[in-house]
Every structure is written in C-alpha cells, then in structure tokens.
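Report on the following structure.
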Amino acid sequence: MTLSRSPSPHPGGGWSSPGFIPASGTTSPRGRSPRSLSPGTPGDISWAAAKAKSEEVRGYPSFSTRNSGFFSRQRHKISTRFSRFRKLSPREYVDKDDYGRDWKRAGGGRSMLGALRIPIRRGRFRLLFALFLMWIGYLFFWASIVQTYRGSPIGGGNKFVIILGSNVEGGVMEWKGAREWAIERNSIWNKKRYANKWGYDVELANMLAKKRYSHEWRESWEKGDVIREAMSKYPDAEWFWWLDLNTWVMEYGTSLQHHIFNDLESHVYRDINAYNPLNLTHPLPEFWLDDLGRALEGDGKGDSLNMLLTQDCAGFNLGSFFVRRSAWTERLLDIWWDPVMYEQMHMEWEHKEQDALQYVYQSQPWVRSGVGFLPQRSINSFPPGACGEGDNPVVHYQQNAHDFVVNMAGCMFGRDCWSEIYYYRELSNWLGRSGWERFRDGLGDVYDRMTGKPPKDD
Amino acid sequence: MQFALPPRRSPHTLPLSRSSRMSSYRRKQLKSAAVLAFAILSLIYLVRYLYPSASPSVAAPVGTSGVVIVTLLDRQRFSESYLKKIVANREDYAKRHGYTNFFASVSDYGDAVGDAPMSWAVAPATRHAMATYPSAAYFFHLATNALIMNPTKSLESHILEKGRLEDLMMKDVPIVPPDSIIKTFAHQKENDVDLILTQDSEDLNPGSLILKNGEFARFFLDVWFDPLYRNYNFAKAETHGLDHIMQWHPTVIARTALVPQRILGSYSSDSPGASLDGTYKDGDFVIQFRGCVDTQGRDCAHELEPYYKLWEKKRQSD
C-alpha cells in the first residue's frame, strides 16, 4: 500500500514509472476512459492503469494526495487543456528505433490519462460541490460571521452598549395593560435586532419603582445607577447609549460608528449658542475661571467628549443620549443627584433628573467641557405632537432624510404610545425594504395604475 | 511521421532546472517571509487595537511643577498690619522653597459668592490661582488666620514625597468626626490622592488644604462652589459644604487623603475644637487661630503676636 500512495514527483499528477519522461503525466493528451484498457493489453503496460482501476474501484480517486488542493487541481486542468491545443500525440516523445516500447509507452500514457480523467471530473464535481457548500454556508452562516466580527474588538461593536429603560414604574404605580406589554416587547425587539446586527450589547434596565429610590427621593435618578451597573457589567465597552422605552431605531443599516463615532467631532456642537432654547450663558464670563472653564468649545478635542446629548424645543432631552466610560462620567453620575440640591429644587425640577443635569451643566464649569450636543434628529427625532404639531425640520422626524431614531417623547400625556410605536415600526420596515420588495411594490403600483385602481396609501 | 525536435535529456536542462528550483526555493522563502511579515503586522495592529494607549491620566498635565500658595486677604475683617505679617510669612516660605504666592483679595469674589458668607471665596480664589498658574503642580491654600511656624519644612519633604504621604494617610477613619458612617477608603494609595485635608474634632478643615492640579481639582472646586450649596445656609458655610460633599460623593473621597491635624494645621491653644493631639506644639508646620475673627472676645492680631515673634526669631536664626 505504501507504494501506491507514494507521491508523484510532478505536480498535477501522473505516476512516474521509471523511465517516464518528466512531463508525461501532465501533458498527456486527449483523455480516454480507463475502459479502453481492455484486458487484452499487455500486462506490464497496464500496471499504472490497473493501479488507476483499482483505485477507482476502491472508490476514491488516485493521486488524491497530490490533487487535493484547489490550486493544484486548477493548474492541472489548465495544463491538460493546454495540451489539447498542442495536438501532440504521445508518440512524439518516443525514440523511433525503440518502437517496441513505443506504443507500450503510449499505452502507458493512455493509462495515465485514464487515471487522470477521473480526478478531473471529480475535481470539477468537487469544485461545484464546494461552491454549493459555500453558498449554503453563506446563506446560513454569513450573517452570524459578520455579527461575530462586528461584535469583536476588531469590528468595534463591543465598544457600544445600548441601555434600554424598560418596565418604567412597573409593578407599583400601575398595572401594565396589553398595550404597555406590546410597547415593551416591540421596543426590546427593535433594540435587540439593531444591536445584533452591529455586534452591540443590549442591557435591559428594569426601572421598577423601588422603595429604595422613593425612600431617598431619587425616583428617576436611577439612570445613573443603571449606567454605572452597565459599566461594570461590560468592562470592554466604551460608549453607553441610553434609550427610553418609547423609542424606535428606524435605520437598522446605520451603525453607530458610521453615524457618529468615526468622526465624532464633526457631528457634535459644543457651543450651546448654536441651539440654545434654555438661553444659557455660554461661555461662562467668570474672570477666576481658567481658559478651559471659559472656553466656547471645551478643549476642542474629541477625546474630551464624555456625554452626547440632544436638545429639544425645551432644553436637554434624556430620551436618547450617550455617555463614555471615563472619570468625568463617574463624577457626573455621582454629582447628578445630591440631597442638598434636591431638597431645594425638587419643586422646580419638574423633569427631575433632566432638569438636574441642566442645572449642573449651568452651574458647574467642569461639566461643560465634557458635554457635546448632537443635532436632535441625529439620535432623537420627535414625532408630530411632541414639540409642536407642525413639521419643524430641526425637531421632527423626516422620512426622506431617513432619520435614525424616533423618540415618542411625552406620548403618555394625551397621546397614544402604542399606535405611534406601531406606526414607526411599520414605517421603518417599509423604508428598509429589500431591493426585491421594492421591485415588487413598484410592479404592484404600475399594475394598479394600469388597471385604474387608486394607489394604496402606505 | 517526422518530428522536428525530439525532446532530450540534455545537460543543458540541468542548470535551467536548477535555477528554476532555486527560484522556487527563493519564492518559497519570499512567500514565508511575506506571510511572517503579514502575521507580525496584523499582530501589532491587533495588540494596538485591543490595548489602546493608556487612557489619559487624571493626574496633573505633563510639565507641571512647583507649588502655589493661595492666601486670601480679607481686608474687611483683618487689619492691614495683621495682613502684612501674614504676607511676610508666606513670602519668606515661598522664597525658601521656590514656591509661588497667590494673594487673592476676597472682595474680588464678592459677585461670585453673592449673598453667601465670604468665606466661600476660597473656592473661586483657588480656581483663580489655577487659572493664573496652570503649570503648577500643587495649590496650597492656607487661611488668613494661619501662620507657617516651621518654614524649613518644604511641602515635598513634609507631606508630598513618595512614601511619606502613604505613611501619613489616615485610612478607614470617619470623614466627619467623631462617628460619621462614611469613612476614608481603606485601600487607597497615595497615587490616587489629589486632595489632602485635615480634620479637627468636628469637621474637615478647609483652612489648610493641598490640591493637585488637574481635572479633579476643577471638578472638586466647581462642585464645592455650587450655588445650591452656598444658598443652603450651612451653619459653617464652606466647611459644612465640604463635609457634605465628602460624605455624599464617593468620587471625591476616592481622591482625598486625610492627614493628622498637626501635619497641616495645628490649632492654637485658644482655638476650640482641635482634634485629639491637634493642638500646636513647638516645631509644628502651621498654626491656625481658628475662630479668632468671628468669636467675641478674641483678637487675631493679639493672638498672632507671640507666634509671629517666635517665627521671626526662627527666620533670623536660619
């Protein structure tokens, strides 16, 4: 057995019996099936053929050790095809006066051919099979491979964690009805789908009303605790994206890296005067502050951005914001709630932690240099009904611009959260149709027009 | 059949084949070299990606050195002659050790402090010193009612030197004596310290504190000086404000070290409320005449006089 498995010295195949011309294996011309080697041929000639045959019977191709590689198979094929163009008979290699051996050798060549023939076919079949497998693999595993890559440190997805505040006031303040459950289920599904696609993590923050917080008058400041917990739970993550439950990620195809973080400085404005609904004094005028404290745009470096916020028509909005893991953020989360401040301001801070943040931003200069503002529609578009009915292009969701996230802010006050969520869910699906679906819809439209039906309103 | 050129094994093919073998060998070498180079490059990339350069340190910016002594001159409550002595005391100390003096007039911060007691001016004044000397490493605030009694001690050798602070730090003790449930961190290292304070028998003592330049210093001073604290009518104004911050905000304690009172601010024997072993003894670094301004029947200038004479004698003898 060891003999039959010994490798041929020539790439591309061919048993080299002693005295063979080096190229004979690869340049053997037109193939013939091994059947042509009938038992009538002289025994010593068909040694190779017999070998080939026995190999065939055994059910695996000869020379498999040599031809297993994809490239060697291809090269082999190319060389065999090339020999066809040369139109050479095997005889040309043989000395004339050695006629007796001549045809024998030719036969040997043929038998060689026969031996080669099968690997070629099988190779082709195998190639197809491999392609088929790859296609299947692509269909089944490509998405997960991509996700794994995106979630890995190289893909950068593990740098982001989405924190979704769920179960708001659940359990104590009110019973959740079918709609509340539906909102919760859908919103979680939405964030998970988005995060899975880009390899981010989703952390569900249970905002259950806890005695602890009401006892300490800290309701709705739990955000800070939740963010801190998430930070210790995901030690590799850098940015933490807080999202309220009543939000909808509209564009699954937009990664955070591409949308904001690859070029952070260009998306952020630090000078609040660019959009200043609260009319805050900026920069601070105090003569005893240093340049950084009085700076219009902080230190101007992207590294010092530790919190990314949006402002709506009434000021800061914490429905959707980012914080970066840093000493700055720890300090902010620490200082955000303070009993002395709370005691004096709880009547005025109608929006609780949001107002408290506004206050801290306003009164403590160190905060300003770490905060960057994003245009509202980049992560926090409002539906009509929040901040005015009309289409304020600064505030309200723009379908044509494919806004990233919608925040149904204030939908629990006199609006219908579930129907808004449902509307944006369907809109998001419709906007994110695949090419085929678009084509089909287009055809449907054309058909409707030709048959005179009024077009459907989506 | 005629064949033009029968192939032959001629000796000529040998060098050719050898050369081709050589080249294939070369090629293999090159290939492996390329693979190796690629592997190394991608490894470097991976390492750099996974372990990005150390996060910017929270410590003072690079290139900072020196100490700035911050002294508030309150011309409304202290006489001009008293202040002159204090200034002389600070200038002598700064000259000995190459420090810089920052004398701030309290009245400059009247607008900032607003309706609150003017003792709050310590926060904006220190911030002002930071703005004026951005490359200084430390800011040493010493209250107007304090006198440096042992000017030969430099801050470095006395407190700041490596290993020295580690010995001095009081770990796991109540922040606000005697029995605050919030205690200084037991596992704190001197490298984590940005603020050095002492406490007396009741409170922390902001009358003499050392603050390291950097992010933390800005954060701490801004928080301390928050308008809602100033307006809260703490009985002891900024002192209670400091007590409050320390007890409620772990990010502040995490960077704070308490040292025994006599290291940084011994009380004169006339001042009430010194901690256990907090009263001035000969050779101590600093003496504070705490409460000499506000308390009825006490006179700062009068209390200062014997110690000032002592200090002058010491200065001349050195």
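Simple scheme: letters A, B, ... for chains in structure tokens order, numbers from 1 for residues in each chain, numbers from 1 for ligands in the order shown.
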Test item: chain A residues at most 8 Å from chain B, counting only C-alpha atoms, as number ranges by chain: A: 92-95, 153-154, 286-291, 327, 330-331, 334-335, 338, 340-341, 344, 363-367
Spatial neighbours of Ile210 of chain B, max dist 12 Å, only C-alpha atoms, sep filter under 4 positions, as a ChimeraX atom specification: /B:67-70,126,137-143,155-156,159-160,165,193-198,205-206,217,255-259,263-265
Residues from the last selection, C-alpha atoms, saved as a PDB file, in the first residue's frame:
```pdb
ATOM      1  CA  VAL B  67       3.661  74.827  44.412  1.00  0.00           C
ATOM      2  CA  VAL B  68       1.414  77.851  44.533  1.00  0.00           C
ATOM      3  CA  ILE B  69       0.442  79.105  47.976  1.00  0.00           C
ATOM      4  CA  VAL B  70      -3.040  80.570  47.919  1.00  0.00           C
ATOM      5  CA  THR B 126      -8.137  78.624  44.314  1.00  0.00           C
ATOM      6  CA  ALA B 137       1.675  71.012  40.291  1.00  0.00           C
ATOM      7  CA  TYR B 138       0.096  71.804  43.660  1.00  0.00           C
ATOM      8  CA  PHE B 139      -2.016  74.501  45.186  1.00  0.00           C
ATOM      9  CA  PHE B 140      -1.678  75.008  48.890  1.00  0.00           C
ATOM     10  CA  HIS B 141      -4.467  77.017  50.409  1.00  0.00           C
ATOM     11  CA  LEU B 142      -3.604  78.440  53.780  1.00  0.00           C
ATOM     12  CA  ALA B 143      -6.219  80.517  55.540  1.00  0.00           C
ATOM     13  CA  LEU B 155       5.783  70.650  51.403  1.00  0.00           C
ATOM     14  CA  GLU B 156       7.551  67.909  49.491  1.00  0.00           C
ATOM     15  CA  ILE B 159       3.937  65.638  53.024  1.00  0.00           C
ATOM     16  CA  LEU B 160       4.124  65.140  49.302  1.00  0.00           C
ATOM     17  CA  LEU B 165       2.040  60.558  52.200  1.00  0.00           C
ATOM     18  CA  VAL B 193      -4.689  61.299  46.052  1.00  0.00           C
ATOM     19  CA  ASP B 194      -5.477  64.706  44.614  1.00  0.00           C
ATOM     20  CA  LEU B 195      -6.642  66.459  47.736  1.00  0.00           C
ATOM     21  CA  ILE B 196      -5.017  66.480  51.159  1.00  0.00           C
ATOM     22  CA  LEU B 197      -7.031  67.644  54.144  1.00  0.00           C
ATOM     23  CA  THR B 198      -7.091  67.549  57.885  1.00  0.00           C
ATOM     24  CA  ASN B 205     -10.715  71.834  57.874  1.00  0.00           C
ATOM     25  CA  PRO B 206     -10.572  73.742  54.612  1.00  0.00           C
ATOM     26  CA  ALA B 217      -9.173  69.941  41.107  1.00  0.00           C
ATOM     27  CA  ARG B 255      -9.189  61.156  45.598  1.00  0.00           C
ATOM     28  CA  THR B 256      -8.905  62.605  49.081  1.00  0.00           C
ATOM     29  CA  ALA B 257      -6.455  61.822  51.857  1.00  0.00           C
ATOM     30  CA  LEU B 258      -6.831  62.847  55.448  1.00  0.00           C
ATOM     31  CA  VAL B 259      -3.640  63.502  57.371  1.00  0.00           C
ATOM     32  CA  ILE B 263       0.789  67.811  59.938  1.00  0.00           C
ATOM     33  CA  LEU B 264      -1.096  70.507  58.114  1.00  0.00           C
ATOM     34  CA  GLY B 265      -2.980  72.719  60.536  1.00  0.00           C
TER      35      GLY B 265
END
```
Filtered DSSP result for segment 294-330 of chain A, state helix (DSSP H, G or I), as JSON, numbers by chain: {"A": [302, 303, 304, 327, 328, 329, 330]}
Atom CA of Ser266 of chain A to atom CA of Phe373 of chain A, distance in Å rounded to a single decimal: 11.1 Å
Shortest interatomic distance to Tyr275 of chain A - which of A:Met231, A:Gln257, A:Val395, A:Trp217, counting only C-alpha atoms: A:Val395
Segment 172-183 of chain B surroundings by only C-alpha atoms, 8 Å radius, close-in-sequence under 2 positions cut, as a list of chain:residue names: B:Met170, B:Phe185, B:Ala186, B:Gln199, B:Asp200, B:Ser201, B:Glu202, B:Asp203, B:Leu204, B:Asp243, B:Met246, B:Gln247
Written selection (C-alpha atoms) as a PDB file, in the first residue's frame:
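The resulting out.pdb:
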```pdb
ATOM      1  CA  MET B 170      -5.445  58.098  57.717  1.00  0.00           C
ATOM      2  CA  PHE B 185     -11.121  54.349  51.790  1.00  0.00           C
ATOM      3  CA  ALA B 186      -9.141  51.587  53.403  1.00  0.00           C
ATOM      4  CA  GLN B 199      -9.966  67.351  60.287  1.00  0.00           C
ATOM      5  CA  ASP B 200     -10.482  68.761  63.742  1.00  0.00           C
ATOM      6  CA  SER B 201     -12.737  67.269  66.350  1.00  0.00           C
ATOM      7  CA  GLU B 202     -15.910  68.192  64.450  1.00  0.00           C
ATOM      8  CA  ASP B 203     -15.302  68.909  60.795  1.00  0.00           C
ATOM      9  CA  LEU B 204     -12.945  68.814  57.925  1.00  0.00           C
ATOM     10  CA  ASP B 243     -18.256  67.855  54.925  1.00  0.00           C
ATOM     11  CA  MET B 246     -17.193  64.261  51.147  1.00  0.00           C
ATOM     12  CA  GLN B 247     -19.945  62.232  52.682  1.00  0.00           C
TER      13      GLN B 247
END
```
